[in-house]
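*Asks:* The structure that follows is given in the form of structure tokens.
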Amino acid sequence: MATKRPRTLDGFFAQPSAKKQRPEELSGEEVIAVDSKDIATDKPSRDMSAHPTYPHAIPHLPAEIIDILNFAPAAEPRIMNDQPDLDLLYYQPYIPKEISKPLFEFLRRELFFYRVKYNIKRGSIETQINTPRYTTVFGLDETARFDANGQPVDAASGKPVKPGSYKVPPRPIPQCLDLLQNATNCKFNFALVNYYSNGNDSISYHSDDERFLGVEPAIASFTLGATRDFLMKHKPTEASHVSETKPMKLPLASGDMVLMKGMTQSRWLHSIPKRKGGDADKGRINITFRRAMVKGGTDNYYRYNVGDGEVYKWDESRREMMPWKRP
Ligand SMILES: O=C(O)CCC(=O)C(=O)O
Ligand SMILES: [Fe+2]
């Protein structure tokens, strides 16, 4: 998956970076449209990713972080395929140690988040679900791309997508997440971000096996910040019932990456359970990169990760996420 690169930072300082940045026209930059409001109120727009759909512009990654990101992956993966239908690479870590904390702090400080609420109907009873973590999402499915002005255009014809084609206007992946995406050496079109502020934040057992991801999707999942347990269990089959087997536990630490592929999504479930005390209060960011093939994927991801509620931002003095208002 990865090209050969010097494995130590000494190698980096002794010679030019072995992995070149992608040319500017291939990076997230091409899709950035500058909102004049951001020019008036923020730093110069060339140092920011800005788009009319963003509540505010997002600064670019500091050069020191970009330089060291060139050394990813920082470790060889543990290949986990010794259980039925499991196909997983576990990098401990993927992101070089020197930058995992600054990268965590940068993303927690600079991204905007949501606490999504939605209703589901079970039989005739409607229930409100309060997503138990902060989320945000960027990206656009394979049927479209952003043009130079940041407008979604049809991937085949280059014509603007009809207004109303998407329920929520899609947001381009900002430079800071696009560079992390590049470091995977895989091609994705979505970045989903979770922030687990403490041990009460969680994600229950599920699989990311939506049809809009196509068959046997590859999903790269990064951890930054606090260590949290990632539990995995096989879906029930005729021969084995999940209740009989102990779940697999991966204690995902800052900088780690799990690449799930093959039948992992169709046959396994995963979760981040609630935890009491420990490290969890320091907060954990999870970023998953995925590739949605059709429009339904875009609608689904914005509905469940942006929704229609208020914007939250990290408040450094209170050290918690707080509702954010446009200045
Ligand atoms: O936080 C994690 O490690 C897992 C997140 C996850 O499973 C998801 O967003 O689908
Ligand atoms: Fe998941």
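Every chain in the structure tokens takes a letter, A first, then B, and so on in the order presented; its residues are numbered from 1, and the ligands are numbered from 1 following the presented order.
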Using only C-alpha atoms and all ligand atoms, which residues have at least one atom no more than 10 Å from ligand 1? Output them as a VMD selection string.
*Replies:* chain A and resid 133 135 191 to 196 201 to 209 219 to 224 227 to 231 250 to 253 256 to 258 269 to 273 284 to 290 305
*Asks:* Per DSSP on the backbone, what are the strand (DSSP E) residues of range 109-311 of chain A, as a PyMOL selection string?
*Replies:* chain A and resi 117-122+125-130+134-139+144-146+152-154+190-196+203-206+219-225+228-234+248-252+257-260+268-272+284-290
*Asks:* DSSP on the backbone: which residues in range 32-182 of chain A end up as alpha helix (DSSP H)? Give the answer as a short mmCIF file (atom, residue, chain, number, x, y, z; two decimals) with C-alpha atoms, in the first residue's frame.
*Replies:*
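Writing the result to out_37.cif gives the following:
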```cif
data_model
loop_
_atom_site.label_atom_id
_atom_site.label_comp_id
_atom_site.auth_asym_id
_atom_site.auth_seq_id
_atom_site.Cartn_x
_atom_site.Cartn_y
_atom_site.Cartn_z
CA SER A 36 -16.13 37.08 1.15
CA LYS A 37 -17.33 37.11 4.77
CA ASP A 38 -14.28 35.04 5.67
CA ILE A 39 -11.96 37.45 3.92
CA ALA A 40 -13.38 40.26 6.02
CA THR A 41 -13.27 38.50 9.39
CA ALA A 63 3.85 23.27 7.80
CA GLU A 64 5.57 21.40 10.67
CA ILE A 65 2.68 18.93 10.81
CA ILE A 66 2.55 18.52 7.01
CA ASP A 67 6.29 17.78 6.84
CA ILE A 68 6.10 14.98 9.38
CA LEU A 69 2.87 13.55 7.96
CA LYS A 97 4.27 10.16 17.33
CA GLU A 98 5.71 13.70 17.03
CA ILE A 99 2.54 15.08 15.46
CA SER A 100 -0.34 13.07 16.93
CA LYS A 101 -0.90 15.55 19.80
CA PRO A 102 -0.56 18.76 17.73
CA LEU A 103 -2.77 17.26 15.01
CA PHE A 104 -5.40 16.24 17.60
CA GLU A 105 -5.36 19.71 19.16
CA PHE A 106 -5.48 21.42 15.76
CA LEU A 107 -8.52 19.46 14.54
CA ARG A 108 -10.39 19.76 17.85
CA ARG A 109 -9.79 23.53 17.87
CA GLU A 110 -10.38 24.34 14.19
CA GLN A 175 -7.05 20.86 3.25
CA CYS A 176 -6.27 19.65 6.81
CA LEU A 177 -8.30 16.45 6.33
CA ASP A 178 -7.42 16.08 2.66
CA LEU A 179 -3.71 15.85 3.53
CA LEU A 180 -4.47 13.09 6.03
CA GLN A 181 -6.51 11.35 3.34
CA ASN A 182 -3.53 11.59 0.97
#
```
*Asks:* Please provide as a list in words all residues within 9 Å of Pro59 in chain A, with the sequence filter that same-chain residues fewer than 6 positions apart are discarded (counting only C-alpha atoms).
*Replies:*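 Listed by chain and then number, they are Lys43, Ser45, Asp47, Met48, Ser49, Ala50, Glu110, Pro174, Gln175 and Cys176 of chain A.
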*Asks:* In Å to one decimal, how far is CA of Asn189 in chain A from CA of Ala155 in chain A?
*Replies:* 12.7 Å
*Asks:* Report, in Å with one decimal, the straight-line distance from CA of Tyr91 in chain A to CA of Ala75 in chain A.
*Replies:*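 Separation between CA of Tyr91 in chain A and CA of Ala75 in chain A: 6.2 Å.
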*Asks:* Can you measure CA of Asn200 in chain A to CA of Pro132 in chain A for me? One decimal in Å is fine.
*Replies:*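 Going from CA of Asn200 in chain A over to CA of Pro132 in chain A, I get 7.5 Å.
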*Asks:* Can you pull out every residue within 6 Å of Gly199 in chain A, counting only C-alpha atoms, but drop anything in the same chain fewer than 6 positions away, and send it as a PyMOL selection string?
*Replies:* chain A and resi 274-276+280
*Asks:* Considering only C-alpha atoms and all ligand atoms, state which residue in the set A:His60, A:Trp314, A:Gln83, A:Trp268 is at the smallest distance from ligand 2.
*Replies:*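 Selected residue with least distance to ligand 2: A:Trp268.
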*Asks:* With a distance cut-off of 10 Å and only C-alpha atoms, select the neighbouring residues of Leu86 in chain A, excluding the residue or stretch itself and same-chain residues fewer than 4 positions from it, and output the selection as a list of chain:residue names.
*Replies:* A:Ile79, A:Met80, A:Asn81, A:Asp82, A:Met232, A:Lys233, A:His234, A:Met260, A:Lys261, A:Gly262, A:Met263, A:Thr264, A:Gln265, A:Ser266, A:Arg267, A:Trp268
*Asks:* Can I get the selected residues back with N, CA and C atoms, as a PDB file, in the first residue's frame?
*Replies:*
```pdb
ATOM      1  N   ILE A  79      -1.488  -7.517  10.477  1.00  0.00           N
ATOM      2  CA  ILE A  79      -2.483  -8.023   9.527  1.00  0.00           C
ATOM      3  C   ILE A  79      -3.431  -8.935  10.275  1.00  0.00           C
ATOM      4  N   MET A  80      -4.690  -8.576  10.327  1.00  0.00           N
ATOM      5  CA  MET A  80      -5.654  -9.368  11.098  1.00  0.00           C
ATOM      6  C   MET A  80      -6.658 -10.003  10.154  1.00  0.00           C
ATOM      7  N   ASN A  81      -6.387 -11.267   9.819  1.00  0.00           N
ATOM      8  CA  ASN A  81      -7.298 -12.005   8.926  1.00  0.00           C
ATOM      9  C   ASN A  81      -7.420 -13.453   9.375  1.00  0.00           C
ATOM     10  N   ASP A  82      -7.169 -13.660  10.673  1.00  0.00           N
ATOM     11  CA  ASP A  82      -7.145 -15.023  11.206  1.00  0.00           C
ATOM     12  C   ASP A  82      -8.494 -15.454  11.782  1.00  0.00           C
ATOM     13  N   MET A 232     -15.112  -5.468  18.430  1.00  0.00           N
ATOM     14  CA  MET A 232     -15.590  -6.065  17.178  1.00  0.00           C
ATOM     15  C   MET A 232     -16.160  -7.440  17.473  1.00  0.00           C
ATOM     16  N   LYS A 233     -17.305  -7.744  16.862  1.00  0.00           N
ATOM     17  CA  LYS A 233     -17.844  -9.100  16.964  1.00  0.00           C
ATOM     18  C   LYS A 233     -18.492  -9.508  15.648  1.00  0.00           C
ATOM     19  N   HIS A 234     -18.407 -10.790  15.369  1.00  0.00           N
ATOM     20  CA  HIS A 234     -18.993 -11.319  14.129  1.00  0.00           C
ATOM     21  C   HIS A 234     -20.511 -11.212  14.223  1.00  0.00           C
ATOM     22  N   MET A 260     -10.248  -1.184   7.495  1.00  0.00           N
ATOM     23  CA  MET A 260     -11.194  -2.307   7.420  1.00  0.00           C
ATOM     24  C   MET A 260     -11.519  -2.544   5.957  1.00  0.00           C
ATOM     25  N   LYS A 261     -11.465  -3.800   5.525  1.00  0.00           N
ATOM     26  CA  LYS A 261     -11.735  -4.066   4.118  1.00  0.00           C
ATOM     27  C   LYS A 261     -12.379  -5.426   3.947  1.00  0.00           C
ATOM     28  N   GLY A 262     -12.492  -5.873   2.677  1.00  0.00           N
ATOM     29  CA  GLY A 262     -13.062  -7.191   2.386  1.00  0.00           C
ATOM     30  C   GLY A 262     -14.452  -7.337   2.974  1.00  0.00           C
ATOM     31  N   MET A 263     -14.651  -8.451   3.687  1.00  0.00           N
ATOM     32  CA  MET A 263     -15.994  -8.725   4.230  1.00  0.00           C
ATOM     33  C   MET A 263     -16.164  -8.204   5.650  1.00  0.00           C
ATOM     34  N   THR A 264     -15.185  -7.424   6.135  1.00  0.00           N
ATOM     35  CA  THR A 264     -15.266  -6.943   7.525  1.00  0.00           C
ATOM     36  C   THR A 264     -16.590  -6.225   7.788  1.00  0.00           C
ATOM     37  N   GLN A 265     -17.017  -5.351   6.872  1.00  0.00           N
ATOM     38  CA  GLN A 265     -18.266  -4.607   7.126  1.00  0.00           C
ATOM     39  C   GLN A 265     -19.508  -5.490   6.965  1.00  0.00           C
ATOM     40  N   SER A 266     -19.484  -6.387   5.989  1.00  0.00           N
ATOM     41  CA  SER A 266     -20.708  -7.177   5.770  1.00  0.00           C
ATOM     42  C   SER A 266     -20.895  -8.244   6.854  1.00  0.00           C
ATOM     43  N   ARG A 267     -19.816  -8.684   7.490  1.00  0.00           N
ATOM     44  CA  ARG A 267     -19.942  -9.804   8.432  1.00  0.00           C
ATOM     45  C   ARG A 267     -19.624  -9.471   9.887  1.00  0.00           C
ATOM     46  N   TRP A 268     -19.056  -8.292  10.135  1.00  0.00           N
ATOM     47  CA  TRP A 268     -18.682  -7.933  11.515  1.00  0.00           C
ATOM     48  C   TRP A 268     -19.367  -6.643  11.946  1.00  0.00           C
TER      49      TRP A 268
END
```
*Asks:* Counting only C-alpha atoms, what is within 8 Å of Val168 in chain A, bar same-chain residues fewer than 4 positions away, as a count of residues only?
*Replies:* 3
*Asks:* Which is closest to ligand 2 among A:Ile120, A:Gly283, A:Pro172, A:Ala218, if we use only C-alpha atoms and all ligand atoms?
*Replies:*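 The shortest atom-to-atom distance to ligand 2 comes from A:Ala218.
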*Asks:* Pick out the closest residue to Gly214 in chain A from this set: A:Asp141, A:Glu320, A:Glu76, A:Asp308. Count only C-alpha atoms.
*Replies:*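 Of A:Asp141, A:Glu320, A:Glu76, A:Asp308, the one nearest Gly214 in chain A, counting only C-alpha atoms, is A:Asp141.
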